[in-house]
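Q: File name work15.txt; file contents compact mmCIF, C-alpha atoms; full text below.
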```
# COMPACT_ATOMS: atom_id res chain seq x y z
CA MET A 22 143.55 104.06 55.40
CA LYS A 23 140.23 104.24 57.26
CA TYR A 24 140.48 100.47 57.75
CA GLN A 25 143.90 100.92 59.37
CA ILE A 26 142.52 103.49 61.81
CA VAL A 27 139.72 101.16 62.91
CA LEU A 28 142.24 98.41 63.53
CA PHE A 29 144.32 100.69 65.74
CA ALA A 30 141.29 101.49 67.84
CA LEU A 31 140.34 97.84 68.23
CA PHE A 32 143.74 96.41 69.02
CA PHE A 33 145.46 99.19 70.90
CA GLY A 34 142.59 101.16 72.42
CA LEU A 35 143.78 104.40 70.84
CA LYS A 36 141.37 107.30 70.49
CA VAL A 37 142.06 108.24 66.90
CA SER A 38 139.55 111.07 66.70
CA GLY A 39 141.43 113.63 68.78
CA GLN A 40 138.18 113.99 70.69
CA SER A 41 139.42 116.50 73.23
CA LEU A 42 139.64 119.11 70.45
CA ASP A 43 136.95 117.64 68.20
CA TYR A 44 139.56 116.96 65.51
CA LYS A 45 137.93 115.36 62.47
CA SER A 46 140.55 115.08 59.73
CA ASN A 47 140.83 118.86 59.51
CA ARG A 48 143.73 120.97 58.28
CA ILE A 49 146.93 120.99 60.33
CA ALA A 50 149.69 123.60 60.48
CA VAL A 51 152.90 123.48 62.51
CA SER A 52 155.88 125.74 63.09
CA PHE A 53 159.08 124.18 64.45
CA ASP A 54 162.17 126.02 65.68
CA GLY A 55 165.48 124.10 65.49
CA ASN A 56 167.98 126.37 63.71
CA SER A 57 171.48 124.94 63.49
CA GLU A 58 173.59 128.06 62.87
CA PRO A 59 175.01 129.68 66.05
CA ASP A 60 173.19 132.85 67.09
CA THR A 61 175.75 134.87 69.03
CA ALA A 62 173.24 137.64 69.79
CA TYR A 63 171.20 135.28 71.98
CA LYS A 64 172.03 133.92 75.44
CA TRP A 65 172.01 130.34 74.11
CA PRO A 66 173.77 130.46 70.73
CA THR A 67 172.80 126.97 69.59
CA GLY A 68 169.46 126.07 68.12
CA ASP A 69 166.98 123.56 69.49
CA PRO A 70 167.91 120.07 68.24
CA ASP A 71 164.92 118.25 69.74
CA ASP A 72 162.87 119.15 66.68
CA TRP A 73 165.32 117.34 64.39
CA GLY A 74 163.96 113.97 65.48
CA ALA A 75 160.53 115.24 66.49
CA ALA A 76 159.81 116.46 62.96
CA ALA A 77 160.38 113.00 61.50
CA ALA A 78 158.30 111.37 64.24
CA SER A 79 155.52 113.92 63.70
CA LEU A 80 155.31 113.10 60.00
CA ALA A 81 155.26 109.40 60.89
CA ILE A 82 152.23 109.93 63.15
CA ILE A 83 150.38 111.79 60.41
CA ALA A 84 151.32 109.27 57.74
CA LYS A 85 150.35 106.25 59.82
CA LEU A 86 146.80 107.64 59.88
CA GLY A 87 146.81 108.52 56.19
CA LEU A 88 146.39 112.25 56.82
CA GLN A 89 149.29 113.56 54.74
CA ASP A 90 147.07 115.90 52.71
CA LYS A 91 145.87 117.57 55.91
CA LEU A 92 149.31 119.07 56.61
CA VAL A 93 148.85 122.41 54.84
CA HIS A 94 151.72 124.35 56.44
CA CYS A 95 155.00 123.24 57.99
CA SER A 96 157.56 125.93 58.76
CA TYR A 97 160.86 125.19 60.46
CA ASN A 98 164.00 126.89 61.72
CA ASN A 99 161.66 129.64 62.88
CA PHE A 100 164.00 131.55 65.20
CA ILE A 101 163.37 134.97 63.66
CA ASP A 102 166.48 137.22 63.39
CA ALA A 103 168.85 134.29 63.90
CA PRO A 104 171.56 133.90 61.21
CA ALA A 105 170.14 133.77 57.72
CA GLY A 106 170.56 130.08 57.03
CA PRO A 107 171.43 126.83 58.74
CA ASP A 108 174.75 125.23 57.85
CA GLU A 109 175.14 122.56 55.18
CA GLU A 110 173.83 120.01 57.68
CA ASN A 111 170.34 121.51 57.78
CA GLN A 112 168.94 118.89 60.12
CA LEU A 113 165.29 119.90 60.00
CA LYS A 114 165.36 120.05 56.21
CA ILE A 115 166.82 116.52 56.21
CA SER A 116 164.09 115.29 58.56
CA LEU A 117 161.14 116.97 56.88
CA GLU A 118 162.06 116.47 53.25
CA GLY A 119 163.22 112.93 54.03
CA GLY A 120 159.90 112.19 55.69
CA ALA A 121 158.02 113.79 52.81
CA GLU A 122 159.77 111.57 50.29
CA ARG A 123 159.23 108.41 52.31
CA TRP A 124 155.63 108.98 53.34
CA GLY A 125 154.06 110.99 50.56
CA PHE A 126 153.84 114.56 51.88
CA ASP A 127 153.69 117.63 49.66
CA LYS A 128 157.07 119.36 50.08
CA SER A 129 155.61 122.63 48.77
CA THR A 130 153.92 123.08 52.17
CA MET A 131 157.32 123.05 53.93
CA PHE A 132 159.26 126.28 54.47
CA ASP A 133 162.70 127.01 55.94
CA VAL A 134 162.03 130.31 57.72
CA THR A 135 165.71 131.34 57.66
CA THR A 136 165.66 131.44 53.86
CA GLN A 137 161.92 131.65 53.06
CA LEU A 138 160.52 133.95 55.72
CA GLU A 139 158.12 135.91 53.48
CA ALA A 140 156.82 132.82 51.69
CA ALA A 141 156.38 130.95 54.98
CA ARG A 142 154.62 133.86 56.66
CA ASN A 143 152.30 134.41 53.70
CA ASN A 144 151.46 130.73 53.39
CA LEU A 145 150.49 130.42 57.04
CA ALA A 146 148.45 133.64 56.85
CA ILE A 147 146.56 132.28 53.83
CA GLU A 148 145.78 129.00 55.59
CA ILE A 149 144.62 130.80 58.72
CA SER A 150 142.39 133.07 56.62
CA LYS A 151 140.62 130.05 55.11
CA SER A 152 139.37 128.97 58.52
CA THR A 153 135.63 128.64 59.07
CA LYS A 154 133.39 126.62 61.34
CA ASP A 155 133.33 123.83 58.77
CA ASN A 156 137.01 124.18 57.86
CA PRO A 157 138.97 124.86 61.06
CA LEU A 158 142.76 124.96 61.30
CA TYR A 159 144.72 123.19 64.03
CA LEU A 160 147.96 125.10 64.60
CA LEU A 161 150.66 123.30 66.60
CA TYR A 162 152.99 125.51 68.63
CA ALA A 163 156.40 123.77 68.25
CA GLY A 164 158.64 126.85 68.28
CA LEU A 165 158.82 130.38 69.64
CA THR A 166 155.97 132.83 69.11
CA GLU A 167 157.46 135.55 66.91
CA PHE A 168 156.94 133.76 63.59
CA LEU A 169 153.33 132.92 64.47
CA TYR A 170 152.78 136.51 65.55
CA GLN A 171 154.03 137.89 62.24
CA ALA A 172 151.84 135.54 60.20
CA ILE A 173 148.73 136.21 62.28
CA GLU A 174 149.44 139.95 62.15
CA LEU A 175 149.02 139.74 58.36
CA VAL A 176 145.62 138.12 58.86
CA VAL A 177 144.51 140.85 61.26
CA LYS A 178 145.79 143.65 59.00
CA ASP A 179 143.84 142.17 56.09
CA GLY A 180 140.65 142.42 58.12
CA ASN A 181 140.21 138.67 58.57
CA ILE A 182 140.38 138.56 62.36
CA SER A 183 137.02 136.77 62.65
CA CYS A 184 138.51 133.64 61.06
CA LEU A 185 140.66 133.21 64.19
CA GLU A 186 137.57 131.94 66.00
CA HIS A 187 138.08 128.77 63.97
CA VAL A 188 141.78 128.30 64.70
CA TYR A 189 142.87 125.88 67.43
CA LEU A 190 146.29 126.66 68.91
CA VAL A 191 147.87 123.67 70.70
CA SER A 192 150.92 123.99 72.96
CA HIS A 193 152.84 121.98 75.52
CA SER A 194 155.72 124.37 76.23
CA LYS A 195 155.77 127.45 78.41
CA PHE A 196 159.24 128.14 76.98
CA ASN A 197 157.88 128.40 73.44
CA GLU A 198 155.06 130.59 74.68
CA ASN A 199 157.11 132.97 76.81
CA GLU A 200 160.67 133.15 75.47
CA LYS A 201 161.83 136.04 73.28
CA ARG A 202 164.98 135.57 71.21
CA ARG A 203 165.25 139.34 70.78
CA PRO A 204 163.89 142.07 73.09
CA HIS A 205 161.51 143.35 70.41
CA HIS A 206 159.98 139.93 69.75
CA ARG A 207 156.48 139.00 70.90
CA ASN A 208 155.29 136.15 73.11
CA TYR A 209 152.00 134.37 73.73
CA ASN A 210 150.53 137.22 75.78
CA ASP A 211 151.20 139.59 72.89
CA LEU A 212 149.52 137.11 70.56
CA VAL A 213 146.42 137.07 72.76
CA GLU A 214 146.28 140.86 72.67
CA LEU A 215 146.72 140.94 68.88
CA THR A 216 143.92 138.44 68.31
CA ASP A 217 141.46 139.60 70.95
CA ASN A 218 141.86 136.10 72.38
CA LEU A 219 139.74 134.68 69.57
CA MET A 220 141.78 131.54 68.93
CA LYS A 221 140.85 128.39 70.81
CA TYR A 222 143.92 127.69 72.91
CA LYS A 223 144.73 124.26 74.34
CA LYS A 224 147.70 123.70 76.65
CA ILE A 225 148.53 120.05 77.25
CA GLN A 226 151.05 118.76 79.74
CA ASP A 227 154.72 119.27 78.94
CA GLN A 228 155.75 116.34 76.77
CA ASN A 229 159.11 116.01 78.54
CA LEU A 230 159.52 113.77 81.58
CA LYS A 231 163.26 113.42 81.66
CA GLU A 232 163.44 111.43 84.88
CA ASN A 233 161.45 108.53 83.42
CA PRO A 234 162.54 107.35 79.94
CA ASN A 235 159.50 105.09 79.62
CA LYS A 236 156.99 107.94 79.70
CA LEU A 237 156.32 110.76 77.25
CA TRP A 238 158.86 111.68 74.57
CA ASN A 239 162.23 112.67 76.08
CA SER A 240 164.47 109.93 77.47
CA LEU A 241 167.65 112.04 77.56
CA GLU A 242 170.74 109.80 77.08
CA ASP A 243 168.73 106.58 77.20
CA PHE A 244 168.21 105.54 73.58
CA SER A 245 167.31 101.97 74.50
CA VAL A 246 163.59 102.76 74.74
CA TRP A 247 163.71 103.62 71.02
CA TYR A 248 165.69 100.57 69.88
CA TRP A 249 162.47 99.14 68.47
CA MET A 250 162.86 101.77 65.72
CA ARG A 251 166.49 100.87 65.13
CA ASP A 252 165.59 97.18 64.77
CA HIS A 253 162.33 97.60 62.83
CA ASN A 254 161.61 95.71 59.60
CA ASP A 255 160.44 98.91 57.89
CA PRO A 256 163.53 100.79 56.63
CA ASN A 257 161.70 104.11 56.99
CA ILE A 258 161.19 103.48 60.70
CA ARG A 259 164.90 102.68 60.98
CA TRP A 260 165.55 106.01 59.24
CA MET A 261 163.37 107.74 61.84
CA TYR A 262 165.67 106.36 64.53
CA THR A 263 168.68 107.95 62.79
CA ARG A 264 166.91 111.30 63.00
CA ILE A 265 166.60 110.87 66.77
CA GLN A 266 170.31 110.04 66.85
CA ALA A 267 171.09 113.29 65.01
CA HIS A 268 170.48 115.37 68.19
CA SER A 269 173.63 117.43 68.71
CA GLY A 270 173.49 116.94 72.48
CA ASN A 271 173.11 113.15 72.21
CA HIS A 272 169.62 113.27 73.73
CA ALA A 273 166.73 111.07 72.66
CA ASP A 274 164.28 113.97 72.72
CA ILE A 275 161.34 114.12 70.30
CA SER A 276 159.00 115.92 72.67
CA ASP A 277 157.22 118.14 70.15
CA CYS A 278 155.77 115.13 68.34
CA GLY A 279 153.63 114.70 71.45
CA LEU A 280 151.51 117.56 70.07
CA PHE A 281 150.61 115.43 67.06
CA TYR A 282 150.04 112.33 69.15
CA TYR A 283 147.65 114.32 71.31
CA LEU A 284 145.78 115.91 68.40
CA LEU A 285 145.49 112.84 66.20
CA VAL A 286 145.33 110.04 68.76
CA GLY A 287 143.71 111.93 71.63
CA ASP A 288 146.45 111.10 74.15
CA ASP A 289 148.78 113.62 75.78
CA ASN A 290 150.45 110.89 77.82
CA GLY A 291 152.36 109.07 75.10
CA SER A 292 155.39 106.86 75.58
CA PRO A 293 157.96 104.87 73.61
CA GLU A 294 155.89 101.72 74.09
CA LYS A 295 152.65 103.36 72.97
CA PHE A 296 154.44 104.74 69.94
CA LYS A 297 155.79 101.27 69.16
CA GLN A 298 152.26 99.84 69.25
CA PHE A 299 150.95 102.72 67.17
CA ILE A 300 153.58 102.27 64.44
CA GLY A 301 153.08 98.50 64.47
CA ASP A 302 154.45 96.79 61.35
CA GLY A 303 155.36 100.12 59.78
CA ILE A 304 153.84 102.74 57.51
CA THR A 305 152.32 101.69 54.20
CA ILE A 306 151.54 104.35 51.60
CA ASP A 307 148.79 103.62 49.06
```
Starting from the file, lay out its structure as structure tokens.
A:
Amino acid sequence: MKYQIVLFALFFGLKVSGQSLDYKSNRIAVSFDGNSEPDTAYKWPTGDPDDWGAAAASLAIIAKLGLQDKLVHCSYNNFIDAPAGPDEENQLKISLEGGAERWGFDKSTMFDVTTQLEAARNNLAIEISKSTKDNPLYLLYAGLTEFLYQAIELVVKDGNISCLEHVYLVSHSKFNENEKRRPHHRNYNDLVELTDNLMKYKKIQDQNLKENPNKLWNSLEDFSVWYWMRDHNDPNIRWMYTRIQAHSGNHADISDCGLFYYLLVGDDNGSPEKFKQFIGDGITID
């Protein structure tokens, strides 16, 4: 796998070290939203389908670099207080467990928050509490804040607040940071107050640029920029394209995977063409 990474750097000029955050094959945690059950108590009843495809693409980025064992926590459907379970077409479960099977991830690190809230919260709190200078955690902010707040609150209550100095929180979305699905929920400002601003926070540019399908990770109704996935020789890359197609609004939006591309490749200005070069001939698992 290390040989693959060197080849990427030579042929495509990619910065595989995540240098802007000093990422060096450290632990990664992520929390996606994406619930599929209607939430009639919220102003927008539907969930957020962009994560359905983004989750698969995110796992592909990790797997291409051989870093599967670094994903220590992956929670999804994290709209707290939404209905207690997605419908039978649990799209994020399909994407994440499908990616895990194809690319060798540990499914025990993956939690559906609508049905496994306590286990998900405890797992993230445990991983955060392990954080030290030599063992930092990179936490990717791919959903609303309330779930993160509840997990980090456990860490603080257990007297482990000092470990937060070694947690990197990476975001690209002011919506995820600021929105509250219920009036009593907390947002990023509340998280800062809870943690005494100890976490190292990095805000990259929004990974959506809807007016230009050839830049960043959201091309709206234009799927043609992703046809290279559809036509790929690797069946698992073709499967990734079907996960983009699953978007309930018929949008080719995988914007949250830009967090992983930034962290692991060092580039917050990704594109369909850059992703095509990055994936290359496909993903080979040893």
Q: By how many Å are CA of Ile82 (chain A) and CA of Met261 (chain A) apart?
A: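 For CA of Ile82 (chain A) relative to CA of Met261 (chain A), the distance reads 11.4 Å.
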Q: Do you know which residues are at most 10 Å from Asp307 (chain A) counting all atoms listed in the file, after dropping those on the same chain fewer than 3 positions away, and could you put them as a list in words?
A: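 With the cut-off at 10 Å, the set is Met22, Gly87, Trp124, Gly125 and Ile304 of chain A.
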Q: By how many Å are CA of Lys201 (chain A) and CA of Asn218 (chain A) apart?
A: 20.0 Å
Q: Need to verify the contact set: Lys91 (chain A), 6 Å, all atoms listed in the file, exclusion of same-chain residues closer than 3 positions in sequence. Can you return it as a count of residues only?
A: 3
Q: Kindly indicate which residue among A:Lys231, A:Lys297, A:Arg142, A:Arg207 lies nearest to Met250 (chain A), using all atoms listed in the file for the distances.
A: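 Answer, going by the shortest atom-to-atom distance: A:Lys297.
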Q: List as a count of residues only the protein and nucleic acid residues near Val51 (chain A), meaning an atom at most 12 Å away when only C-alpha atoms are counted, but skip any in the same chain fewer than 3 places from it.
A: 45
Q: What's the separation between CA of Gly303 (chain A) and CA of Ile258 (chain A), in Å to one decimal place?
A: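 CA of Ile258 (chain A) lies 6.8 Å from CA of Gly303 (chain A).
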Q: When distances are computed from only C-alpha atoms, which of A:Asp133, A:Glu122, A:Glu139, A:Asp127 shows the smallest separation from Ser57 (chain A)?
A: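 Comparing A:Asp133, A:Glu122, A:Glu139, A:Asp127 against Ser57 (chain A), the winner is A:Asp133.
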Q: Using only C-alpha atoms for the distances, tell me which of A:Val134, A:Ala78, A:Ala146, A:Leu86 is nearest to Ala50 (chain A).
A: A:Ala146
